[in-house]
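Data first, discussion second: the structure below is written as structure tokens.
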2 protein chains.
Amino acid sequence: MSDMKPSVAFIGLGIMGRHMAGHIFAAGHSLRIYNRSPGSAQALRGRGAVLCDSAGAAAAEADIVITMVGLPSDVDGIYLGAGGIVEAARAGAVLIDMTTSSPSLAVRIAAAAAARGLSALDAPVSGGEFGARDARLSIMVGGDAGALERVMPVLRLMGSTITHMGEAGAGQHAKLANQTVIAGTMLGIAEGLAYAGRVGLDLEKMLAVLGGGVANGALLAALGPKMIAGDFTAGFFIEHFVKDMGLAHAEAAARGLPLPGLESARSQYAKLMSGGAARDGTQALLKAYAAPPKAEL
Amino acid sequence: MSDMKPSVAFIGLGIMGRHMAGHIFAAGHSLRIYNRSPGSAQALRGRGAVLCDSAGAAAAEADIVITMVGLPSDVDGIYLGAGGIVEAARAGAVLIDMTTSSPSLAVRIAAAAAARGLSALDAPVSGGEFGARDARLSIMVGGDAGALERVMPVLRLMGSTITHMGEAGAGQHAKLANQTVIAGTMLGIAEGLAYAGRVGLDLEKMLAVLGGGVANGALLAALGPKMIAGDFTAGFFIEHFVKDMGLAHAEAAARGLPLPGLESARSQYAKLMSGGAARDGTQALLKAYAAPPKAEL
């Protein structure tokens with residue numbers, strides 16, 4: 001990289017990616033962008049970013065390549081597929097996957113990148129859309145410490161807390177551990193409020209009592225009021241959470257570690273998804289505890 | 001009650017009860033005490049409280065009778081048994097059960113009390129030993145609002161937040177909803193840290209990442225460090241938590257409300273109890289996720 005700001009390719013301009021890419025562009029980096037549906041890229045293009053017609057094309061002329069896409073299969077395709085990022089990136093580039101994805105895929109990408117003289121980091125985030133918008137994400141990083149140091153100024157444009165968790169895959173593992181804590185916590189909040197509702201307690205009072213005691217926490221404060229108001233608008237989609245819990249389950253199961261709480265949460269959310277709630281927010285878990293409609297006779 | 005401070009009987013001087021009774025005595029109320037094992041009563045007796053030889057005897061000459069005992073069966077016995085509190089208390093007395101106990105038992109006690117011209121409140125607490133010691137308990141009250149108003153000055157000697165949840169039993173219901181939230185949250189924390197440990201992450205870093213994101217909360221802050229340090233000393237005994245979860249389960253089941261997260265937590269804790277961990281603190285849940293010892297060949 002020269003004394004000029006390193007050029008960046010940003011792939012995946014969804015709810016979070018568009019904010020993250022916007023911060024990088026605003027800081028004066030030249031920016032090449034790609035998104036599967038080009039509509040989402042128009043705003044940044046209008047401001048001067050270069051819209052490319054594939055992930056590989058975006059990556060080909062960048063010092064730093066950042067991806068923020070959907071599923072592990074998407075990550076696999078854009079990195080390891082023919083004409084993909086690993087094949088197209090120029091020597092010395094640092095590749096950063098910020099998607100929540102599979103730790104073992106992160107290891108495979110890092111190995112394929114190393115074989116071509118590239119560095120790859122897995123760097124999933126927590127903080128949601130608001131964290132992305134306000135550049136206050138918490139970023140959990142796996143991979144080479146030297147590569148992380150080189151891209152740190154760019155990561156700081158997106159996040160307020162950046163933690164090097166260990167070698168390739170460790171960032172993804174940390175994110176999955178985080179999602180596992182959230183899964184149990186959501187289960188507790190939804191079940192406690194469902195109980196309170198079913199026995200006829202005033203839910204506003206109940207929330208105040210919970211918030212004043214050891215049951216209090218960031219999720220209760222953010223989502224408890226939405227739950228009892230029946231506001232299921234998504235801050236974080238149920239379908240993404242189910243993906244994350246599936247990844248955590250697979251990694252734990254491969255190590256002979258049963259996680260019954262995670263499985264309870266996953267099964268409750270999966271039921272909601274098959275009932276059409278995939279794009280509801282995770283606080284819609286409360287709906288899984290609604291009283292069944294009275295049978296008609 | 002006269003212009004003098006109402007006299008108080010306090011029954012149950014365990015880890016929390018002794019602090020709570022101490023605050024009342026220190027505020028200048030005359031105090032009659034009873035504890036099943038009289039050893040725990042000696043400190044207060046030495047300061048001038050009157051040690052009685054039964055719950056009924058303590059209650060017989062008090063304006064306010066407070067109980068803080070162990071199991072619902074204990075509560076049942078001291079209130080409704082022959083020579084018990086309801087039989088022995090004088091007309092106009094207010095009876096306050098602060099044990100975490102059965103909501104339906106609270107309703108029965110309130111009815112039996114009303115039949116004798118007494119008022120009974122259910123008023124379980126959250127905040128643990130430190131909350132009791134520092135008079136910062138959160139007290140959830142069920143029963144007559146007028147009776148609550150009369151005893152409010154005494155409750156304020158023990159708690160910083162006092163919430164009237166509704167009619168008899170509503171205090172217990174609120175506490176059980178609170179314990180249900182805690183059950184899921186503990187499951188999440190233990191499983192997230194178990195996952196992180198099994199995949200080889202640095203647990204101090206993991207805790208810092210969790211604490212900086214939406215997984216953060218009072219339980220993570222208080223018990224996460226103890227979990228990863230292997231400090232399982234009890235702030236709150238597993239056996240008491242299992243009792244509370246059993247009560248919540250029974251009330252929910254009676255209303256056709258399945259709570260799979262609560263059941264996962266209850267079953268993990270019950271396994272620990274049968275392994276000898278009844279008097280460990282609830283943070284010992286992490287032990288339920290330890291790798292099994294390698295089979296010897």
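Quick note on naming: the chains in the structure tokens go A, B, ... in the order shown, residues restart at 1 in each chain, and ligands are numbered from 1 in order of appearance.
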Where in stretch 5-122 of chain B does DSSP assign strand (DSSP E or B), given as an MDAnalysis selection string?
-> chainID B and resid 8:11 31:34 50:51 64:67 94:97 119:122
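Residues in contact with stretch 151-168 of chain A at 7 Å, where only C-alpha atoms are counted and same-chain residues fewer than 2 positions away are skipped, are listed as Met20, His23, Ile24, Ala106, Val107, Ala110, Leu121, Asp122, Ala132, Ala135, Arg136, Leu137, Ser138, Ile139, Met140, Val141, Gly142, Gly143, Asp144, Ala147, Leu148, Glu149, Ala170 and Gly171 of chain A; Leu201 of chain B.
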Restrict the selected residues to N, CA, C and O atoms and save them as a compact mmCIF listing (two decimals), in the first residue's frame.
```txt
# COMPACT_ATOMS: atom_id res chain seq x y z
N MET A 20 -21.77 0.75 6.08
CA MET A 20 -20.36 0.51 6.32
C MET A 20 -19.53 1.04 5.14
O MET A 20 -18.50 1.72 5.31
N HIS A 23 -19.31 4.86 5.10
CA HIS A 23 -18.30 5.46 6.00
C HIS A 23 -16.92 5.44 5.36
O HIS A 23 -16.13 6.38 5.50
N ILE A 24 -16.61 4.34 4.68
CA ILE A 24 -15.27 4.20 4.07
C ILE A 24 -15.11 5.21 2.94
O ILE A 24 -14.09 5.88 2.82
N ALA A 106 -14.10 -19.97 6.86
CA ALA A 106 -13.11 -18.89 7.05
C ALA A 106 -11.70 -19.48 6.99
O ALA A 106 -10.78 -18.88 6.42
N VAL A 107 -11.51 -20.65 7.58
CA VAL A 107 -10.20 -21.30 7.56
C VAL A 107 -9.83 -21.67 6.12
O VAL A 107 -8.69 -21.46 5.68
N ALA A 110 -8.88 -18.55 4.21
CA ALA A 110 -7.56 -18.04 4.62
C ALA A 110 -6.45 -18.87 3.98
O ALA A 110 -5.43 -18.32 3.53
N LEU A 121 -9.01 -12.22 6.51
CA LEU A 121 -9.49 -12.12 7.90
C LEU A 121 -10.98 -12.43 7.92
O LEU A 121 -11.71 -12.06 6.99
N ASP A 122 -11.42 -13.11 8.98
CA ASP A 122 -12.87 -13.20 9.21
C ASP A 122 -13.17 -12.17 10.29
O ASP A 122 -12.49 -12.11 11.32
N ALA A 132 -24.12 -0.15 12.56
CA ALA A 132 -23.50 0.11 11.26
C ALA A 132 -23.66 1.57 10.87
O ALA A 132 -22.71 2.23 10.44
N ALA A 135 -21.42 3.73 13.00
CA ALA A 135 -20.02 3.30 13.04
C ALA A 135 -19.60 2.87 14.44
O ALA A 135 -18.49 3.14 14.88
N ARG A 136 -20.51 2.19 15.14
CA ARG A 136 -20.23 1.72 16.49
C ARG A 136 -20.30 0.19 16.59
O ARG A 136 -20.66 -0.36 17.62
N LEU A 137 -19.99 -0.48 15.50
CA LEU A 137 -20.04 -1.94 15.52
C LEU A 137 -18.96 -2.50 16.44
O LEU A 137 -17.92 -1.86 16.67
N SER A 138 -19.24 -3.70 16.97
CA SER A 138 -18.19 -4.47 17.64
C SER A 138 -17.74 -5.51 16.61
O SER A 138 -18.55 -6.26 16.07
N ILE A 139 -16.43 -5.51 16.30
CA ILE A 139 -15.90 -6.36 15.23
C ILE A 139 -14.99 -7.41 15.84
O ILE A 139 -14.05 -7.08 16.56
N MET A 140 -15.30 -8.69 15.59
CA MET A 140 -14.54 -9.81 16.14
C MET A 140 -13.69 -10.42 15.04
O MET A 140 -14.23 -10.90 14.05
N VAL A 141 -12.39 -10.38 15.20
CA VAL A 141 -11.51 -10.69 14.08
C VAL A 141 -10.71 -11.97 14.30
O VAL A 141 -10.11 -12.17 15.35
N GLY A 142 -10.70 -12.80 13.27
CA GLY A 142 -9.83 -13.98 13.25
C GLY A 142 -8.85 -13.85 12.10
O GLY A 142 -9.19 -13.33 11.03
N GLY A 143 -7.62 -14.32 12.30
CA GLY A 143 -6.62 -14.30 11.22
C GLY A 143 -5.34 -13.63 11.67
O GLY A 143 -5.17 -13.29 12.85
N ASP A 144 -4.47 -13.40 10.71
CA ASP A 144 -3.12 -12.90 10.96
C ASP A 144 -3.11 -11.51 11.61
O ASP A 144 -3.76 -10.57 11.11
N ALA A 147 -1.84 -8.59 9.34
CA ALA A 147 -2.84 -8.14 8.36
C ALA A 147 -3.90 -7.28 9.04
O ALA A 147 -4.32 -6.25 8.50
N LEU A 148 -4.30 -7.70 10.24
CA LEU A 148 -5.29 -6.91 10.98
C LEU A 148 -4.76 -5.50 11.25
O LEU A 148 -5.47 -4.52 11.07
N GLU A 149 -3.48 -5.42 11.62
CA GLU A 149 -2.91 -4.11 11.92
C GLU A 149 -2.95 -3.20 10.68
O GLU A 149 -3.25 -2.02 10.79
N ALA A 170 -11.51 -17.67 14.20
CA ALA A 170 -11.78 -17.29 15.60
C ALA A 170 -12.77 -16.13 15.69
O ALA A 170 -13.54 -16.03 16.66
N GLY A 171 -12.77 -15.25 14.69
CA GLY A 171 -13.76 -14.18 14.68
C GLY A 171 -15.16 -14.75 14.54
O GLY A 171 -16.08 -14.37 15.26
N LEU B 201 -11.34 -20.40 22.25
CA LEU B 201 -11.18 -18.94 22.34
C LEU B 201 -10.68 -18.55 23.73
O LEU B 201 -10.90 -19.26 24.71
```
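Remark: for A:Lys205, the closest of the candidate residues B:Leu118, B:Ala113, B:Ala145, B:Ala177 is B:Ala177 (distances computed over only C-alpha atoms).
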Contacts of B:Gly92 within 10 Å, only C-alpha atoms, excl. fewer than 3 positions in-chain, as a PyMOL selection string = chain B and resi 1+62-64+89+95+113-114+116-119+147
Pick out the residues sitting within 8 Å of B:Leu176, and hand them over as a PyMOL selection string; count only C-alpha atoms, and ignore anything fewer than 2 positions along from it in its own chain.
-> (chain A and resi 192) or (chain B and resi 172-174+178-180+244-245+247-248)
Since we have the selection now, will you write its residues out, keeping N, CA and C atoms, as a short mmCIF file (atom, residue, chain, number, x, y, z; two decimals), in the first residue's frame?
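Okay, part04.cif is ready:
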```
data_model
loop_
_atom_site.label_atom_id
_atom_site.label_comp_id
_atom_site.auth_asym_id
_atom_site.auth_seq_id
_atom_site.Cartn_x
_atom_site.Cartn_y
_atom_site.Cartn_z
N GLY A 192 -40.51 -15.36 29.96
CA GLY A 192 -40.91 -14.63 31.16
C GLY A 192 -42.10 -13.71 30.88
N GLN B 172 -46.04 -13.31 43.69
CA GLN B 172 -45.36 -14.57 43.38
C GLN B 172 -45.28 -14.79 41.87
N HIS B 173 -46.36 -14.49 41.16
CA HIS B 173 -46.32 -14.65 39.70
C HIS B 173 -45.22 -13.79 39.08
N ALA B 174 -45.11 -12.55 39.55
CA ALA B 174 -44.08 -11.66 39.00
C ALA B 174 -42.69 -12.23 39.27
N ASN B 178 -39.88 -13.38 36.56
CA ASN B 178 -38.50 -12.91 36.68
C ASN B 178 -37.52 -14.10 36.65
N GLN B 179 -37.83 -15.14 37.38
CA GLN B 179 -36.93 -16.31 37.40
C GLN B 179 -36.89 -17.00 36.04
N THR B 180 -38.00 -16.92 35.30
CA THR B 180 -38.04 -17.51 33.96
C THR B 180 -37.11 -16.75 33.02
N ASP B 244 -37.67 -22.64 42.34
CA ASP B 244 -38.40 -21.55 41.67
C ASP B 244 -38.82 -21.96 40.26
N MET B 245 -37.90 -22.58 39.53
CA MET B 245 -38.24 -22.99 38.15
C MET B 245 -39.34 -24.05 38.16
N LEU B 247 -41.78 -24.20 40.34
CA LEU B 247 -43.03 -23.47 40.56
C LEU B 247 -43.52 -22.80 39.28
N ALA B 248 -42.60 -22.16 38.56
CA ALA B 248 -42.98 -21.50 37.30
C ALA B 248 -43.50 -22.53 36.29
#
```
Interatomic distance, atom CA of B:Thr100 to atom CA of B:Pro258 (Å, one decimal) | 21.4 Å
Output as a PyMOL selection string the set of chain A residues within 6 Å of chain B, with distances taken over only C-alpha atoms.
-> chain A and resi 177+180-182+184-185+187-189+192+195-196+214-219+261+264
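Straight-line separation from atom CA of B:Glu61 to atom CA of B:Phe10: 11.6 Å.
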Non-local contacts of A:Ile96 (7 Å; only C-alpha atoms; under 6 positions in same chain excluded) as a ChimeraX atom specification = /A:65-67,120-123
Convert the current residue selection to file output with all heavy atoms, as an mmCIF file, in the first residue's frame.
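Once everything was written out, this is result02.cif:
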```
data_model
loop_
_atom_site.group_PDB
_atom_site.id
_atom_site.type_symbol
_atom_site.label_atom_id
_atom_site.label_comp_id
_atom_site.auth_asym_id
_atom_site.auth_seq_id
_atom_site.Cartn_x
_atom_site.Cartn_y
_atom_site.Cartn_z
ATOM 1 N N VAL A 65 -10.279 -5.760 0.389
ATOM 2 C CA VAL A 65 -11.556 -6.244 -0.138
ATOM 3 C C VAL A 65 -12.438 -6.629 1.047
ATOM 4 O O VAL A 65 -12.057 -7.472 1.871
ATOM 5 C CB VAL A 65 -11.353 -7.474 -1.037
ATOM 6 C CG1 VAL A 65 -12.695 -7.955 -1.598
ATOM 7 C CG2 VAL A 65 -10.358 -7.167 -2.161
ATOM 8 N N ILE A 66 -13.607 -6.007 1.136
ATOM 9 C CA ILE A 66 -14.515 -6.277 2.247
ATOM 10 C C ILE A 66 -15.800 -6.880 1.705
ATOM 11 O O ILE A 66 -16.355 -6.400 0.716
ATOM 12 C CB ILE A 66 -14.839 -4.982 3.021
ATOM 13 C CG1 ILE A 66 -13.542 -4.370 3.571
ATOM 14 C CG2 ILE A 66 -15.833 -5.249 4.146
ATOM 15 C CD1 ILE A 66 -13.740 -3.021 4.259
ATOM 16 N N THR A 67 -16.271 -7.944 2.384
ATOM 17 C CA THR A 67 -17.519 -8.570 1.964
ATOM 18 C C THR A 67 -18.489 -8.611 3.135
ATOM 19 O O THR A 67 -18.113 -8.828 4.279
ATOM 20 C CB THR A 67 -17.264 -10.009 1.475
ATOM 21 O OG1 THR A 67 -16.520 -10.709 2.469
ATOM 22 C CG2 THR A 67 -16.473 -10.016 0.178
ATOM 23 N N ALA A 120 -6.297 -13.154 4.502
ATOM 24 C CA ALA A 120 -7.753 -13.111 4.672
ATOM 25 C C ALA A 120 -8.094 -13.092 6.152
ATOM 26 O O ALA A 120 -7.528 -13.846 6.942
ATOM 27 C CB ALA A 120 -8.412 -14.306 3.988
ATOM 28 N N LEU A 121 -9.006 -12.219 6.511
ATOM 29 C CA LEU A 121 -9.491 -12.120 7.897
ATOM 30 C C LEU A 121 -10.981 -12.431 7.916
ATOM 31 O O LEU A 121 -11.714 -12.063 6.993
ATOM 32 C CB LEU A 121 -9.278 -10.696 8.428
ATOM 33 C CG LEU A 121 -7.843 -10.161 8.425
ATOM 34 C CD1 LEU A 121 -7.841 -8.670 8.777
ATOM 35 C CD2 LEU A 121 -6.977 -10.947 9.404
ATOM 36 N N ASP A 122 -11.418 -13.115 8.977
ATOM 37 C CA ASP A 122 -12.870 -13.196 9.208
ATOM 38 C C ASP A 122 -13.171 -12.167 10.293
ATOM 39 O O ASP A 122 -12.494 -12.112 11.323
ATOM 40 C CB ASP A 122 -13.332 -14.602 9.589
ATOM 41 C CG ASP A 122 -12.504 -15.268 10.676
ATOM 42 O OD1 ASP A 122 -11.291 -15.481 10.447
ATOM 43 O OD2 ASP A 122 -13.062 -15.584 11.741
ATOM 44 N N ALA A 123 -14.181 -11.337 10.049
ATOM 45 C CA ALA A 123 -14.418 -10.191 10.940
ATOM 46 C C ALA A 123 -15.906 -9.876 11.065
ATOM 47 O O ALA A 123 -16.361 -8.772 10.747
ATOM 48 C CB ALA A 123 -13.654 -8.974 10.426
#
```
Determine which residues of stretch 35-135 of chain B receive a DSSP assignment of helix (DSSP H, G or I), computed from the backbone, and state them as a short mmCIF file (atom, residue, chain, number, x, y, z; two decimals) with C-alpha atoms, in the first residue's frame.
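Below is the file selection-v5.cif, written as the result:
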```
data_model
loop_
_atom_site.label_atom_id
_atom_site.label_comp_id
_atom_site.auth_asym_id
_atom_site.auth_seq_id
_atom_site.Cartn_x
_atom_site.Cartn_y
_atom_site.Cartn_z
CA PRO B 38 -32.27 -21.18 66.80
CA GLY B 39 -28.53 -20.66 66.25
CA SER B 40 -29.16 -18.15 63.45
CA ALA B 41 -31.31 -16.07 65.80
CA GLN B 42 -28.67 -15.46 68.47
CA ALA B 43 -27.12 -12.32 66.98
CA LEU B 44 -30.46 -10.47 66.84
CA ARG B 45 -31.44 -11.84 70.23
CA GLY B 46 -28.22 -10.47 71.66
CA ARG B 47 -29.21 -7.02 70.35
CA ALA B 55 -43.85 -19.01 64.32
CA GLY B 56 -47.30 -18.71 65.91
CA ALA B 57 -45.82 -17.47 69.20
CA ALA B 58 -43.81 -14.82 67.36
CA ALA B 59 -46.87 -13.74 65.36
CA PRO B 72 -43.80 -23.68 49.84
CA SER B 73 -44.39 -26.61 52.22
CA ASP B 74 -42.66 -24.58 54.98
CA VAL B 75 -44.84 -21.57 54.17
CA ASP B 76 -47.96 -23.74 54.22
CA GLY B 77 -47.02 -25.22 57.61
CA ILE B 78 -46.21 -21.99 59.43
CA TYR B 79 -49.25 -20.10 58.10
CA LEU B 80 -52.01 -22.69 57.89
CA ILE B 85 -49.60 -17.65 61.99
CA VAL B 86 -53.15 -17.28 60.64
CA GLU B 87 -54.56 -18.87 63.79
CA ALA B 88 -52.29 -16.98 66.20
CA PRO B 103 -49.01 -18.21 43.83
CA SER B 104 -51.96 -20.49 44.57
CA LEU B 105 -50.74 -21.02 48.13
CA ALA B 106 -50.56 -17.21 48.45
CA VAL B 107 -54.21 -17.04 47.39
CA ARG B 108 -55.18 -19.68 49.98
CA ILE B 109 -53.30 -17.87 52.75
CA ALA B 110 -54.92 -14.56 51.81
CA ALA B 111 -58.39 -16.17 51.95
CA ALA B 112 -57.71 -17.87 55.29
CA ALA B 113 -56.34 -14.61 56.68
CA ALA B 114 -59.31 -12.57 55.45
CA ALA B 115 -61.69 -15.04 57.15
CA GLY B 128 -30.03 -11.75 46.61
CA GLU B 129 -27.88 -11.56 49.73
CA PHE B 130 -26.24 -8.24 48.78
CA GLY B 131 -29.61 -6.68 48.03
CA ALA B 132 -30.83 -7.82 51.47
CA ARG B 133 -27.67 -6.60 53.21
#
```
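The list of residues with at least one atom within 12 Å of A:Ser37, based on only C-alpha atoms and without residues fewer than 6 positions apart in the same chain, reads Ile11, Gly12, Leu13, Gly14, Leu51, Cys52, Asp53, Ser54 and Val69 of chain A.
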